[in-house]
Amino acid sequence: MKRIITAALLFAGAARADELRLISPNEIDYREIEIEHEGLAAFDHSPGRDGGRIYSLDVGTGITRWWHVGAELDYEREAGPDRPTQINGAQLETLVRLTEPGEGWVDAGLYAEYDRSALHSRENPDGVLVGGVFLKDIGRTTHTLDLFFNKAFSPDEDVSGVRFSYAWQSRWNIWRQFAPAIEVFGQAGRVDQPDRFERGQLIAGPVATGTFLLGPLGRLRYEAGYLFGATDASPSGTVRWKVEMEIPL
Amino acid sequence: MKTLFALFLFVATASPLVADEPLHLTLRDHKFVPEQIEAPAHVKFRLLIKNEGDSAIEWEIDELDREEMVEPGEERGVFLGPLEPGKYRFYDDRHQATKGTLIVK
């Protein structure tokens with residue numbers, strides 16, 4: 001999905017990498033196929049929190065002007081020493097645009113995702129995620145806010161509670177090939193038992209984004225950035241990247 | 001919860017000052033007509049894009065993060081602004097040599 005960031009925080013002790021996303025309600029690839037690769041690498045001075053990796057491959061398209069569907073395959077290496085890289089799971093995702101872009105004060109959409117774990121353990125269950133995604137254009141800047149609720153299907157109560165996460169991006173659309181942005185990703189824990197701030201997960205930092213036109217092949221989009229950990233529970237640094245092809249149908 | 005939902009609906013649907021008349025842009029003979037459109041500054045406006053060609057176009061304006069697919073024979077509208085004065089370049093993403101400029105005054 002165009003300008004969708006699917007990343008993950010890779011923390012020691014987290015049974016399964018909790019994903020973060022930044023989704024624009026207007027990114028419906030109608031009459032296009034999107035093929036997208038994303039990666040994430042977490043670094044920390046603590047060996048148990050260092051070395052986490054996520055790699056994903058996503059394919060999607062807009063069924064209509066307001067409905068997008070996609071499927072994603074994730075590979076993961078959990079943080080910590082001597083961890084293997086393995087298939088984490090697969091996802092089915094859908095986005096419904098609820099407003100006409102730019103007509104109201106804010107654009108809105110509804111995002112939902114079914115996450116099928118490849119590991120099938122109590123700590124690595126299947127899950128669903130739903131959320132509201134919002135966008136506001138102000139002149140040459142674009143601001144996106146996502147609010148997500150995630151429910152895992154696990155008999156383990158520590159894993160199964162409904163969890164809240166959020167994402168924010170403010171982007172300055174200077175040039176097509178280069179548009180700088182600031183991003184924030186956070187997780188506040190279970191809705192009924194929110195984490196204290198320092199125990200929550202929060203990363204933020206600068207990201208470069210841009211688009212190259214490829215004639216009849218469509219467009220190539222990229223994003224690359226470095227996110228700093230803002231709480232004790234977050235890795236001290238996270239590199240993320242994304243490359244996406246949008247091919248006209 | 002109902003109050004929050006009502007507040008969201010109000011905010012999502014509330015609009016700033018909108019220009020009375022829409023602007024018009026036509027794709028004809030692989031060119032945008034007119035190639036330069038003038039729009040008022042600091043006012044939201046609607047641009048109606050008509051495709052008189054024989055293939056779909058994907059009108060796009062990078063600086064404003066807006067795009068619209070227009071099928072042959074179709075006319076579609078996009079809301080833009082309020083904008084600061086300046087020049088904003090648009091193009092057809094499916095025929096990338098087809099370009100134009102939105103001039104906001």
# chains A, B, ... in the order shown; residues from 1 in each chain; ligands from 1
call {"tool": "closest_atom_pairs", "arguments": {"of": "chain A", "to": "chain B", "cutoff": "8 Å", "atoms": "only C-alpha atoms", "output": "tab-separated table"}}
result
residue	atom	partner	partner_atom	distance
A:Tyr30	CA	B:Met69	CA	7.7
A:Pro101	CA	B:Phe79	CA	6.8
A:Gly102	CA	B:Phe79	CA	5.1
A:Glu103	CA	B:Phe79	CA	5.7
A:Gly104	CA	B:Thr13	CA	4.4
A:Trp105	CA	B:Ala12	CA	5.2
A:Val106	CA	B:Ala12	CA	5.0
A:Asp107	CA	B:Ala12	CA	6.7
A:Ala108	CA	B:Ala12	CA	7.5
A:Asp137	CA	B:Leu64	CA	7.4
A:Ile138	CA	B:Pro82	CA	7.7
A:Gly139	CA	B:Leu83	CA	5.2
A:Arg140	CA	B:Leu64	CA	5.4
A:Thr141	CA	B:Leu64	CA	7.3
A:Thr142	CA	B:Asp65	CA	7.4
A:Asn173	CA	B:Glu63	CA	5.0
A:Ile174	CA	B:Glu63	CA	6.5
A:Trp175	CA	B:Glu63	CA	6.8
A:Arg176	CA	B:Asp62	CA	5.9
A:Leu213	CA	B:Gln96	CA	7.7
A:Gly215	CA	B:Gln96	CA	6.3
A:Pro216	CA	B:Arg94	CA	6.6
A:Gly218	CA	B:Arg94	CA	7.2
A:Pro248	CA	B:Arg94	CA	7.5
call {"tool": "write_last_selection", "arguments": {"atoms": "N, CA and C atoms", "output": "CSV table (one decimal), in the first residue's frame"}}
result
chain,number,residue,atom,x,y,z
A,30,TYR,N,-5.9,1.9,-6.6
A,30,TYR,CA,-7.0,1.5,-7.5
A,30,TYR,C,-6.4,1.4,-8.9
A,101,PRO,N,-11.0,12.5,-0.2
A,101,PRO,CA,-9.8,13.3,0.2
A,101,PRO,C,-10.0,14.8,0.0
A,102,GLY,N,-9.7,15.5,1.1
A,102,GLY,CA,-9.7,16.9,1.1
A,102,GLY,C,-11.0,17.6,1.3
A,103,GLU,N,-12.1,16.8,1.3
A,103,GLU,CA,-13.4,17.5,1.3
A,103,GLU,C,-13.7,18.0,2.7
A,104,GLY,N,-13.5,17.2,3.7
A,104,GLY,CA,-13.7,17.6,5.1
A,104,GLY,C,-12.5,18.2,5.7
A,105,TRP,N,-12.5,18.4,7.0
A,105,TRP,CA,-11.4,19.0,7.7
A,105,TRP,C,-10.3,17.9,7.8
A,106,VAL,N,-10.7,16.7,7.9
A,106,VAL,CA,-9.7,15.6,8.0
A,106,VAL,C,-10.2,14.4,7.2
A,107,ASP,N,-9.3,13.7,6.6
A,107,ASP,CA,-9.6,12.4,5.9
A,107,ASP,C,-9.5,11.3,6.8
A,108,ALA,N,-10.4,10.3,6.7
A,108,ALA,CA,-10.5,9.2,7.6
A,108,ALA,C,-10.7,7.9,6.9
A,137,ASP,N,-3.9,17.3,5.2
A,137,ASP,CA,-3.0,18.1,4.4
A,137,ASP,C,-3.1,19.5,4.8
A,138,ILE,N,-1.9,20.1,5.0
A,138,ILE,CA,-1.8,21.5,5.3
A,138,ILE,C,-0.8,22.1,4.3
A,139,GLY,N,-1.2,22.8,3.3
A,139,GLY,CA,-0.3,23.3,2.3
A,139,GLY,C,0.5,22.1,1.7
A,140,ARG,N,1.8,22.3,1.7
A,140,ARG,CA,2.7,21.2,1.2
A,140,ARG,C,3.1,20.2,2.2
A,141,THR,N,2.4,20.2,3.3
A,141,THR,CA,2.7,19.2,4.4
A,141,THR,C,1.5,18.2,4.5
A,142,THR,N,1.9,17.0,4.9
A,142,THR,CA,0.9,15.9,5.1
A,142,THR,C,1.1,15.3,6.5
A,173,ASN,N,6.3,17.9,1.7
A,173,ASN,CA,6.4,17.4,0.3
A,173,ASN,C,7.2,18.4,-0.5
A,174,ILE,N,8.5,18.5,-0.3
A,174,ILE,CA,9.3,19.5,-1.0
A,174,ILE,C,9.5,19.1,-2.4
A,175,TRP,N,10.0,18.0,-2.7
A,175,TRP,CA,10.2,17.5,-4.0
A,175,TRP,C,9.7,16.1,-4.2
A,176,ARG,N,9.4,15.7,-5.4
A,176,ARG,CA,8.9,14.3,-5.6
A,176,ARG,C,9.9,13.3,-5.1
A,213,LEU,N,9.5,8.3,-11.0
A,213,LEU,CA,8.6,7.9,-12.1
A,213,LEU,C,9.4,7.0,-13.0
A,215,GLY,N,8.0,5.7,-16.0
A,215,GLY,CA,7.3,5.5,-17.3
A,215,GLY,C,6.2,4.5,-17.2
A,216,PRO,N,6.1,3.6,-18.2
A,216,PRO,CA,5.0,2.6,-18.2
A,216,PRO,C,5.1,1.6,-17.1
A,218,GLY,N,5.4,2.4,-14.0
A,218,GLY,CA,4.7,3.0,-12.9
A,218,GLY,C,5.7,3.8,-12.0
A,248,PRO,N,0.9,0.0,-12.9
A,248,PRO,CA,-0.4,0.3,-13.5
A,248,PRO,C,-1.0,-1.0,-14.1
call {"tool": "select_by_dssp", "arguments": {"residues": "region 40-192 of chain A", "states": "strand (DSSP E or B)", "output": "PyMOL selection string"}}
result
chain A and resi 40-43+53-62+67-77+85-97+107-117+121+124+126-138+141-153+163-172+179-190
call {"tool": "residues_around", "arguments": {"residues": "Glu75 (chain B)", "least_positions_apart": "6", "cutoff": "9 Å", "atoms": "only C-alpha atoms", "output": "count of residues only"}}
result
6
call {"tool": "atom_distance", "arguments": {"atom1": "CA of Thr144 (chain A)", "atom2": "CA of Ser170 (chain A)"}}
result
6.5 Å
